[in-house]
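Raw contents of model_35.cif, mmCIF, C-alpha atoms:
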data_final
#
loop_
_atom_site.label_atom_id
_atom_site.label_comp_id
_atom_site.auth_asym_id
_atom_site.auth_seq_id
_atom_site.Cartn_x
_atom_site.Cartn_y
_atom_site.Cartn_z
CA MET Z 1 -49.37 -32.40 -5.35
CA LYS Z 2 -46.54 -33.53 -3.05
CA SER Z 3 -43.86 -32.36 -5.48
CA THR Z 4 -45.53 -28.95 -5.70
CA LYS Z 5 -45.78 -28.76 -1.92
CA TYR Z 6 -42.03 -29.23 -1.45
CA LEU Z 7 -40.96 -27.13 -4.44
CA PRO Z 8 -40.22 -23.93 -2.40
CA LEU Z 9 -38.07 -25.96 0.01
CA ILE Z 10 -36.18 -27.58 -2.86
CA LEU Z 11 -35.55 -24.21 -4.52
CA LEU Z 12 -34.36 -22.72 -1.22
CA THR Z 13 -31.95 -25.62 -0.70
CA VAL Z 14 -30.55 -25.25 -4.21
CA PHE Z 15 -30.09 -21.50 -3.66
CA ILE Z 16 -28.24 -22.04 -0.36
CA VAL Z 17 -25.93 -24.65 -1.86
CA PHE Z 18 -25.22 -22.47 -4.90
CA SER Z 19 -24.54 -19.40 -2.75
CA SER Z 20 -22.25 -21.39 -0.48
CA CYS Z 21 -20.22 -22.57 -3.46
CA ILE Z 22 -19.77 -18.97 -4.64
CA ILE Z 23 -18.70 -17.81 -1.16
CA LEU Z 24 -16.24 -20.69 -0.79
CA LYS Z 25 -14.79 -19.93 -4.22
CA GLN Z 26 -14.32 -16.26 -3.27
CA GLN Z 27 -12.73 -17.18 0.06
CA ALA Z 28 -10.36 -19.59 -1.65
CA LYS Z 29 -8.83 -16.75 -3.63
CA PRO Z 30 -5.84 -15.01 -2.04
CA THR Z 31 -5.94 -11.27 -1.48
CA LEU Z 32 -3.35 -8.63 -2.21
CA PHE Z 33 -3.70 -5.94 0.46
CA LEU Z 34 -2.22 -2.50 -0.23
CA ILE Z 35 -1.23 -0.25 2.67
CA GLY Z 36 0.31 3.20 2.43
CA ASP Z 37 -0.43 6.90 2.17
CA SER Z 38 -2.25 9.12 -0.34
CA THR Z 39 0.16 8.27 -3.16
CA VAL Z 40 -1.31 4.76 -2.98
CA LYS Z 41 -4.91 5.82 -2.31
CA ASN Z 42 -6.01 9.42 -2.32
CA GLY Z 43 -9.25 10.18 -0.52
CA LYS Z 44 -11.75 7.44 -1.34
CA GLY Z 45 -9.71 6.39 -4.34
CA LYS Z 46 -12.16 7.98 -6.79
CA GLY Z 47 -9.96 10.78 -8.11
CA ASP Z 48 -11.44 13.64 -6.07
CA GLY Z 49 -9.69 16.86 -7.05
CA SER Z 50 -7.96 14.94 -9.87
CA LEU Z 51 -5.62 13.35 -7.30
CA TRP Z 52 -5.01 9.65 -7.75
CA GLY Z 53 -2.90 6.98 -6.05
CA TRP Z 54 -1.44 4.03 -7.95
CA GLY Z 55 -3.40 1.56 -5.83
CA SER Z 56 -6.59 2.61 -7.58
CA PHE Z 57 -5.33 1.17 -10.87
CA ILE Z 58 -3.06 -1.74 -10.04
CA GLY Z 59 -6.03 -4.07 -9.62
CA ASP Z 60 -6.63 -3.79 -13.37
CA LEU Z 61 -3.27 -5.48 -13.95
CA PHE Z 62 -4.20 -8.62 -11.99
CA ASN Z 63 -6.53 -11.47 -12.91
CA SER Z 64 -9.57 -10.78 -10.74
CA GLU Z 65 -10.76 -14.38 -11.17
CA LYS Z 66 -7.66 -15.62 -9.34
CA ILE Z 67 -6.92 -12.91 -6.75
CA ASN Z 68 -8.64 -10.08 -4.89
CA VAL Z 69 -6.93 -6.70 -4.67
CA GLU Z 70 -7.90 -4.54 -1.68
CA ASN Z 71 -6.57 -1.01 -1.37
CA ASP Z 72 -6.51 -0.11 2.33
CA ALA Z 73 -4.08 2.81 2.07
CA LEU Z 74 -5.13 6.11 3.64
CA GLY Z 75 -4.01 9.62 2.83
CA GLY Z 76 -2.09 11.54 5.46
CA THR Z 77 -0.76 8.49 7.24
CA SER Z 78 2.83 7.59 8.04
CA SER Z 79 4.24 4.18 8.89
CA ARG Z 80 3.62 5.20 12.51
CA THR Z 81 0.04 6.54 12.40
CA PHE Z 82 -1.15 3.72 10.14
CA GLN Z 83 -0.38 1.53 13.13
CA THR Z 84 -1.16 3.76 16.11
CA ASN Z 85 -4.53 4.87 14.72
CA GLY Z 86 -5.76 1.30 14.45
CA LEU Z 87 -5.72 1.07 10.67
CA TRP Z 88 -3.19 -1.72 10.59
CA ASP Z 89 -5.04 -3.81 13.16
CA ALA Z 90 -8.14 -3.63 10.97
CA VAL Z 91 -6.24 -4.80 7.89
CA LEU Z 92 -4.27 -7.48 9.74
CA ALA Z 93 -7.48 -9.01 11.06
CA LYS Z 94 -8.44 -9.80 7.44
CA VAL Z 95 -5.06 -11.18 6.35
CA LYS Z 96 -4.93 -14.97 6.02
CA LYS Z 97 -2.33 -17.53 5.09
CA GLY Z 98 -1.40 -17.26 1.41
CA ASP Z 99 -2.29 -13.56 1.13
CA PHE Z 100 0.07 -10.75 0.13
CA VAL Z 101 0.57 -7.34 1.73
CA MET Z 102 2.32 -4.62 -0.27
CA MET Z 103 3.42 -1.52 1.65
CA GLN Z 104 4.64 1.91 0.63
CA PHE Z 105 5.30 4.55 3.26
CA GLY Z 106 7.68 7.48 3.67
CA HIS Z 107 6.09 10.66 2.33
CA ASN Z 108 4.67 11.66 5.69
CA ASP Z 109 7.27 10.10 7.98
CA SER Z 110 9.46 13.20 7.85
CA SER Z 111 6.72 15.27 9.53
CA PRO Z 112 7.10 16.52 13.14
CA LEU Z 113 6.72 13.94 15.89
CA ASP Z 114 4.45 15.98 18.13
CA ASP Z 115 2.91 18.93 16.30
CA THR Z 116 -0.72 19.90 16.83
CA ALA Z 117 -1.64 19.32 13.18
CA ARG Z 118 -0.88 15.62 12.62
CA ALA Z 119 1.76 14.31 15.05
CA ARG Z 120 2.64 11.64 12.52
CA GLY Z 121 6.42 11.79 12.07
CA THR Z 122 8.85 8.98 12.80
CA ILE Z 123 12.48 9.09 13.90
CA LYS Z 124 14.71 9.13 10.85
CA GLY Z 125 16.56 5.94 10.04
CA ILE Z 126 16.09 2.22 10.61
CA GLY Z 127 17.65 1.71 14.04
CA THR Z 128 16.19 0.96 17.45
CA GLU Z 129 16.12 4.55 18.70
CA ASN Z 130 12.93 5.77 20.32
CA LYS Z 131 11.66 8.93 21.96
CA GLU Z 132 8.83 9.48 24.40
CA ILE Z 133 6.69 12.45 23.43
CA TYR Z 134 3.40 13.99 24.45
CA ASN Z 135 0.95 13.52 21.60
CA PRO Z 136 -1.16 16.72 21.60
CA ILE Z 137 -3.80 15.17 19.36
CA LYS Z 138 -4.38 12.06 21.46
CA LYS Z 139 -3.56 13.98 24.64
CA LYS Z 140 -1.31 11.27 26.03
CA GLN Z 141 2.29 10.13 26.15
CA GLU Z 142 3.56 8.05 23.25
CA VAL Z 143 6.84 6.32 22.45
CA VAL Z 144 7.84 7.04 18.86
CA TYR Z 145 10.22 4.77 16.96
CA THR Z 146 12.19 4.91 13.71
CA TYR Z 147 10.77 4.52 10.22
CA GLY Z 148 12.56 1.19 10.00
CA TRP Z 149 11.08 0.00 13.29
CA TYR Z 150 7.53 0.48 12.02
CA LEU Z 151 8.30 -1.28 8.72
CA ARG Z 152 9.76 -4.21 10.63
CA LYS Z 153 6.56 -4.37 12.70
CA PHE Z 154 4.45 -4.61 9.53
CA ILE Z 155 6.70 -7.34 8.15
CA SER Z 156 6.72 -9.34 11.39
CA ASP Z 157 2.94 -9.22 11.69
CA ILE Z 158 2.45 -10.29 8.07
CA LYS Z 159 4.84 -13.22 8.36
CA ALA Z 160 3.10 -14.35 11.55
CA LYS Z 161 -0.13 -14.65 9.55
CA GLY Z 162 1.55 -16.85 6.93
CA ALA Z 163 1.23 -14.10 4.33
CA THR Z 164 3.87 -12.55 2.08
CA PRO Z 165 5.11 -8.99 2.72
CA ILE Z 166 6.39 -6.87 -0.17
CA VAL Z 167 8.09 -3.54 0.50
CA CYS Z 168 7.98 -0.70 -2.05
CA SER Z 169 10.13 2.39 -1.83
CA PRO Z 170 8.02 5.60 -1.93
CA ILE Z 171 7.30 7.12 -5.32
CA PRO Z 172 9.42 10.18 -6.15
CA ARG Z 173 7.96 13.65 -5.84
CA ASN Z 174 7.71 15.92 -8.88
CA PRO Z 175 11.36 16.39 -9.94
CA VAL Z 176 10.69 19.28 -12.33
CA LYS Z 177 12.16 22.62 -11.24
CA ASP Z 178 12.34 25.60 -13.59
CA ASN Z 179 11.45 23.28 -16.48
CA VAL Z 180 14.39 21.01 -15.73
CA ILE Z 181 14.26 17.49 -14.28
CA VAL Z 182 16.28 17.47 -11.07
CA PRO Z 183 16.13 13.99 -9.46
CA ALA Z 184 16.41 14.04 -5.68
CA ASN Z 185 17.87 11.41 -3.41
CA ASP Z 186 15.27 9.93 -1.09
CA SER Z 187 16.53 8.60 2.22
CA TYR Z 188 13.26 6.77 2.80
CA ALA Z 189 13.73 4.84 -0.45
CA SER Z 190 17.14 3.68 0.75
CA TRP Z 191 15.86 2.85 4.22
CA ALA Z 192 12.97 0.83 2.81
CA GLU Z 193 15.43 -1.19 0.74
CA GLU Z 194 17.71 -1.79 3.73
CA ILE Z 195 14.83 -3.02 5.86
CA ALA Z 196 13.61 -5.39 3.13
CA LYS Z 197 17.11 -6.77 2.69
CA THR Z 198 17.67 -7.20 6.44
CA GLU Z 199 14.29 -8.86 6.95
CA LYS Z 200 14.79 -11.01 3.84
CA VAL Z 201 11.57 -9.98 2.13
CA ASP Z 202 10.91 -8.89 -1.43
CA PHE Z 203 11.56 -5.27 -2.34
CA ILE Z 204 10.35 -3.21 -5.31
CA PRO Z 205 12.64 -0.21 -5.99
CA LEU Z 206 9.62 1.82 -7.07
CA ASN Z 207 11.37 5.13 -6.50
CA GLN Z 208 14.20 4.27 -8.90
CA ILE Z 209 12.01 2.55 -11.50
CA ILE Z 210 9.88 5.67 -11.82
CA LYS Z 211 12.92 7.96 -11.87
CA ASP Z 212 14.32 5.92 -14.76
CA LYS Z 213 11.06 6.38 -16.64
CA TYR Z 214 11.16 10.14 -16.01
CA ALA Z 215 14.74 10.31 -17.26
CA ALA Z 216 13.57 9.21 -20.71
CA LEU Z 217 10.99 11.99 -20.89
CA SER Z 218 11.00 15.77 -21.19
CA ALA Z 219 10.35 18.04 -18.23
CA THR Z 220 6.98 18.96 -19.72
CA GLU Z 221 5.98 15.31 -20.03
CA VAL Z 222 7.01 14.52 -16.47
CA LYS Z 223 5.25 17.56 -15.06
CA ALA Z 224 2.05 16.38 -16.75
CA PHE Z 225 1.93 13.36 -14.42
CA PHE Z 226 1.41 15.53 -11.33
CA THR Z 227 -1.37 17.75 -10.10
CA GLU Z 228 -0.84 21.48 -9.86
CA LYS Z 229 -1.81 21.42 -6.18
CA ASP Z 230 1.58 20.21 -4.89
CA ARG Z 231 4.75 18.32 -5.79
CA THR Z 232 3.71 14.99 -4.29
CA HIS Z 233 0.40 13.83 -5.71
CA THR Z 234 -0.12 12.34 -9.14
CA ASN Z 235 -3.06 12.73 -11.45
CA GLU Z 236 -4.67 9.77 -13.24
CA ALA Z 237 -1.92 9.47 -15.86
CA GLY Z 238 0.79 9.61 -13.21
CA ALA Z 239 -0.92 7.05 -11.00
CA LYS Z 240 -1.34 4.64 -13.92
CA LEU Z 241 2.33 5.05 -14.79
CA ASN Z 242 3.24 4.25 -11.19
CA ALA Z 243 0.97 1.19 -11.14
CA THR Z 244 2.75 -0.22 -14.20
CA ALA Z 245 6.07 0.54 -12.48
CA VAL Z 246 5.00 -1.54 -9.47
CA VAL Z 247 4.20 -4.48 -11.75
CA GLU Z 248 7.46 -3.97 -13.63
CA GLY Z 249 9.32 -4.30 -10.34
CA LEU Z 250 7.19 -7.25 -9.27
CA LYS Z 251 8.06 -9.19 -12.43
CA LYS Z 252 11.76 -8.89 -11.61
CA LEU Z 253 11.33 -10.59 -8.25
CA LYS Z 254 12.43 -14.22 -8.16
CA ASN Z 255 10.08 -16.84 -6.78
CA ASN Z 256 7.35 -14.41 -5.74
CA LYS Z 257 4.03 -16.20 -6.17
CA LEU Z 258 2.17 -12.92 -6.71
CA ASN Z 259 3.52 -12.87 -10.27
CA SER Z 260 1.35 -15.84 -11.20
CA TYR Z 261 -1.76 -13.70 -10.67
CA LEU Z 262 -0.84 -10.98 -13.15
CA LYS Z 263 -2.75 -10.71 -16.41
#

Re-express the file's structure as structure tokens.
Amino acid sequence: MKSTKYLPLILLTVFIVFSSCIILKQQAKPTLFLIGDSTVKNGKGKGDGSLWGWGSFIGDLFNSEKINVENDALGGTSSRTFQTNGLWDAVLAKVKKGDFVMMQFGHNDSSPLDDTARARGTIKGIGTENKEIYNPIKKKQEVVYTYGWYLRKFISDIKAKGATPIVCSPIPRNPVKDNVIVPANDSYASWAEEIAKTEKVDFIPLNQIIKDKYAALSATEVKAFFTEKDRTHTNEAGAKLNATAVVEGLKKLKNNKLNSYLK
């Protein structure tokens, strides 16, 4: 009778212990956080309108039993607004020692600094220049810095948490014009590389890796990786190609522990 009386308590204790073990095991795993714009995560990352970001597929290339992959990118953001709109603070609060943060910004940084639509642009370059503007969306004064300044802020914050920052250059836009592949130089790709080199952090030349892949294909094949809506966003096939390009670049990095979590 006594054993039956205490059976519910015993079962509850076993359940709590078992659940705690699972939670501790999950917490022990490092996390790869992805931050960026819509080319990393479009919308909710579910392919709405056939637009996909590479962050929606890169998790499939990692061993989920050893590492978590969290895609916190948000469409429409620049290196500036990802920080000033509180998105970065929310991600940084979750970052712990041993984690990884991979960033890719640039597509929206060339936008106006103070327009009434987005007010998301950054000053071109990687210097210390800044400009005080009136932000018509937030209805207050704001000091805007360079693209490089915001990347350095990400890197500094990540290092302070004991995590590993990895900078990616922005993916190239659709290079097909009049059925001919016309590769364009991207200043943001060069600036991202310069910042990574100066800050002594790992850099994935994603822009160039993808361009090299395009160079081996026909204009028709390359065009098929993009949506018909614009020249920036990829469809599912394009996003998957870009995800494999990220991993290709990652494998070439020396001494980056993130490689040990790949499938």

Long-range neighbours of Asn235 (chain Z) as a PDB file with C-alpha atoms, in the coordinates of the input, 12 Å cut-off, only C-alpha atoms, 4 positions minimum in chain:
ATOM      1  CA  SER Z  38      -2.250   9.120  -0.340  1.00  0.00           C
ATOM      2  CA  THR Z  39       0.160   8.270  -3.160  1.00  0.00           C
ATOM      3  CA  VAL Z  40      -1.310   4.760  -2.980  1.00  0.00           C
ATOM      4  CA  LYS Z  41      -4.910   5.820  -2.310  1.00  0.00           C
ATOM      5  CA  ASN Z  42      -6.010   9.420  -2.320  1.00  0.00           C
ATOM      6  CA  GLY Z  45      -9.710   6.390  -4.340  1.00  0.00           C
ATOM      7  CA  LYS Z  46     -12.160   7.980  -6.790  1.00  0.00           C
ATOM      8  CA  GLY Z  47      -9.960  10.780  -8.110  1.00  0.00           C
ATOM      9  CA  ASP Z  48     -11.440  13.640  -6.070  1.00  0.00           C
ATOM     10  CA  GLY Z  49      -9.690  16.860  -7.050  1.00  0.00           C
ATOM     11  CA  SER Z  50      -7.960  14.940  -9.870  1.00  0.00           C
ATOM     12  CA  LEU Z  51      -5.620  13.350  -7.300  1.00  0.00           C
ATOM     13  CA  TRP Z  52      -5.010   9.650  -7.750  1.00  0.00           C
ATOM     14  CA  GLY Z  53      -2.900   6.980  -6.050  1.00  0.00           C
ATOM     15  CA  TRP Z  54      -1.440   4.030  -7.950  1.00  0.00           C
ATOM     16  CA  SER Z  56      -6.590   2.610  -7.580  1.00  0.00           C
ATOM     17  CA  PHE Z  57      -5.330   1.170 -10.870  1.00  0.00           C
ATOM     18  CA  ASN Z 174       7.710  15.920  -8.880  1.00  0.00           C
ATOM     19  CA  VAL Z 222       7.010  14.520 -16.470  1.00  0.00           C
ATOM     20  CA  LYS Z 223       5.250  17.560 -15.060  1.00  0.00           C
ATOM     21  CA  ALA Z 224       2.050  16.380 -16.750  1.00  0.00           C
ATOM     22  CA  PHE Z 225       1.930  13.360 -14.420  1.00  0.00           C
ATOM     23  CA  PHE Z 226       1.410  15.530 -11.330  1.00  0.00           C
ATOM     24  CA  THR Z 227      -1.370  17.750 -10.100  1.00  0.00           C
ATOM     25  CA  GLU Z 228      -0.840  21.480  -9.860  1.00  0.00           C
ATOM     26  CA  LYS Z 229      -1.810  21.420  -6.180  1.00  0.00           C
ATOM     27  CA  ASP Z 230       1.580  20.210  -4.890  1.00  0.00           C
ATOM     28  CA  ARG Z 231       4.750  18.320  -5.790  1.00  0.00           C
ATOM     29  CA  ALA Z 239      -0.920   7.050 -11.000  1.00  0.00           C
ATOM     30  CA  LYS Z 240      -1.340   4.640 -13.920  1.00  0.00           C
ATOM     31  CA  LEU Z 241       2.330   5.050 -14.790  1.00  0.00           C
ATOM     32  CA  ASN Z 242       3.240   4.250 -11.190  1.00  0.00           C
TER      33      ASN Z 242
END

Around the point (5.9, 5.8, -3.9) (coordinates from the file), which residues reach within 8 Å if we count all atoms listed in the file? Answer as a list in words.
Thr39, Val40, Gln104, Phe105, Gly106, His107, Cys168, Ser169, Pro170, Ile171, Pro172, Leu206, Asn207 and Asn242 of chain Z

Closest to Gly162 (chain Z) among Z:Ala216, Z:Ala189, Z:Val95, Z:Ile137, using all atoms listed in the file?
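So, comparing all the options, the nearest one is Z:Val95.
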
Å distance separating CA of Ala160 (chain Z) from CA of Phe203 (chain Z), one decimal place:
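Value for the CA of Ala160 (chain Z)-CA of Phe203 (chain Z) distance: 18.6 Å.
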
In Å, how far is it from CA of Lys97 (chain Z) to CA of Ser260 (chain Z)?
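Atom-to-atom, CA of Lys97 (chain Z) to CA of Ser260 (chain Z), that is 16.8 Å.
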
Of the listed residues Z:Ser78, Z:Asn71, Z:Thr146, Z:Asn85, that which approaches Ile126 (chain Z) most closely, counting all atoms listed in the file
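So, comparing all the options, the nearest one is Z:Thr146.
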
I need the output of the PyMOL selection byres ((chain Z and resi 244) around 12) for this file as number ranges by chain; which residues are they?
Z: 54-62, 206, 209-210, 213, 237-243, 245-251, 262

Using only C-alpha atoms for the distances, tell me which of Z:Gly98, Z:Gly86, Z:Gly148, Z:Gly43 is nearest to Thr31 (chain Z).
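The shortest atom-to-atom distance to Thr31 (chain Z) comes from Z:Gly98.
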
May I ask which of the residues Z:Ala93, Z:Leu253, Z:Leu74, Z:Ile123 is the closest one to Val144 (chain Z), counting all atoms listed in the file?
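The closest residue to Val144 (chain Z) is Z:Ile123.
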
Just give me the gap between CA of Ile181 (chain Z) and CA of Lys211 (chain Z) in Å, one decimal is fine.
9.9 Å

Pick from Z:Lys257, Z:Ile67, Z:Trp88, Z:Lys44 nearest to Asp157 (chain Z), counting only C-alpha atoms
Z:Trp88

Given 3 Å on each side, where is the centre and what are the edge lengths in Å to one decimal of the axis-aligned box enclosing the listed atoms of region 196-205 of chain Z, as JSON?
{"center_x": 14.0, "center_y": -5.6, "center_z": 0.5, "size_x": 13.3, "size_y": 16.8, "size_z": 18.9}

Given the file above and the PyMOL selection byres ((chain Z and resi 130-136) around 12), which residues are selected, and can you give them as a PDB file with C-alpha atoms, in the frame of the given file?
ATOM      1  CA  THR Z  81       0.040   6.540  12.400  1.00  0.00           C
ATOM      2  CA  THR Z  84      -1.160   3.760  16.110  1.00  0.00           C
ATOM      3  CA  PRO Z 112       7.100  16.520  13.140  1.00  0.00           C
ATOM      4  CA  LEU Z 113       6.720  13.940  15.890  1.00  0.00           C
ATOM      5  CA  ASP Z 114       4.450  15.980  18.130  1.00  0.00           C
ATOM      6  CA  ASP Z 115       2.910  18.930  16.300  1.00  0.00           C
ATOM      7  CA  THR Z 116      -0.720  19.900  16.830  1.00  0.00           C
ATOM      8  CA  ALA Z 117      -1.640  19.320  13.180  1.00  0.00           C
ATOM      9  CA  ARG Z 118      -0.880  15.620  12.620  1.00  0.00           C
ATOM     10  CA  ALA Z 119       1.760  14.310  15.050  1.00  0.00           C
ATOM     11  CA  ARG Z 120       2.640  11.640  12.520  1.00  0.00           C
ATOM     12  CA  GLY Z 121       6.420  11.790  12.070  1.00  0.00           C
ATOM     13  CA  THR Z 122       8.850   8.980  12.800  1.00  0.00           C
ATOM     14  CA  ILE Z 123      12.480   9.090  13.900  1.00  0.00           C
ATOM     15  CA  LYS Z 124      14.710   9.130  10.850  1.00  0.00           C
ATOM     16  CA  GLY Z 125      16.560   5.940  10.040  1.00  0.00           C
ATOM     17  CA  ILE Z 126      16.090   2.220  10.610  1.00  0.00           C
ATOM     18  CA  GLY Z 127      17.650   1.710  14.040  1.00  0.00           C
ATOM     19  CA  THR Z 128      16.190   0.960  17.450  1.00  0.00           C
ATOM     20  CA  GLU Z 129      16.120   4.550  18.700  1.00  0.00           C
ATOM     21  CA  ILE Z 137      -3.800  15.170  19.360  1.00  0.00           C
ATOM     22  CA  LYS Z 138      -4.380  12.060  21.460  1.00  0.00           C
ATOM     23  CA  LYS Z 139      -3.560  13.980  24.640  1.00  0.00           C
ATOM     24  CA  LYS Z 140      -1.310  11.270  26.030  1.00  0.00           C
ATOM     25  CA  GLN Z 141       2.290  10.130  26.150  1.00  0.00           C
ATOM     26  CA  GLU Z 142       3.560   8.050  23.250  1.00  0.00           C
ATOM     27  CA  VAL Z 143       6.840   6.320  22.450  1.00  0.00           C
ATOM     28  CA  VAL Z 144       7.840   7.040  18.860  1.00  0.00           C
ATOM     29  CA  TYR Z 145      10.220   4.770  16.960  1.00  0.00           C
ATOM     30  CA  THR Z 146      12.190   4.910  13.710  1.00  0.00           C
ATOM     31  CA  TYR Z 147      10.770   4.520  10.220  1.00  0.00           C
ATOM     32  CA  GLY Z 148      12.560   1.190  10.000  1.00  0.00           C
ATOM     33  CA  TRP Z 149      11.080   0.000  13.290  1.00  0.00           C
ATOM     34  CA  TYR Z 150       7.530   0.480  12.020  1.00  0.00           C
TER      35      TYR Z 150
END

Quick one: which residues end up in the PyMOL selection byres ((chain Z and resi 32) around 9) for this structure, as a VMD selection string?
chain Z and resid 30 to 31 33 to 34 67 to 71 99 to 102 258

From the list Z:Asp178, Z:Glu199, Z:Glu65, Z:Glu193, which residue is nearest Ser156 (chain Z) when using all atoms listed in the file?
Z:Glu199

Got a sec: who's within 10 Å of Lys177 (chain Z), counting all atoms listed in the file, leaving out chain neighbours fewer than 5 positions off, as a list in words?
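Within the cut-off, the hits are Val182, Pro183, Ala219 and Lys223 of chain Z.
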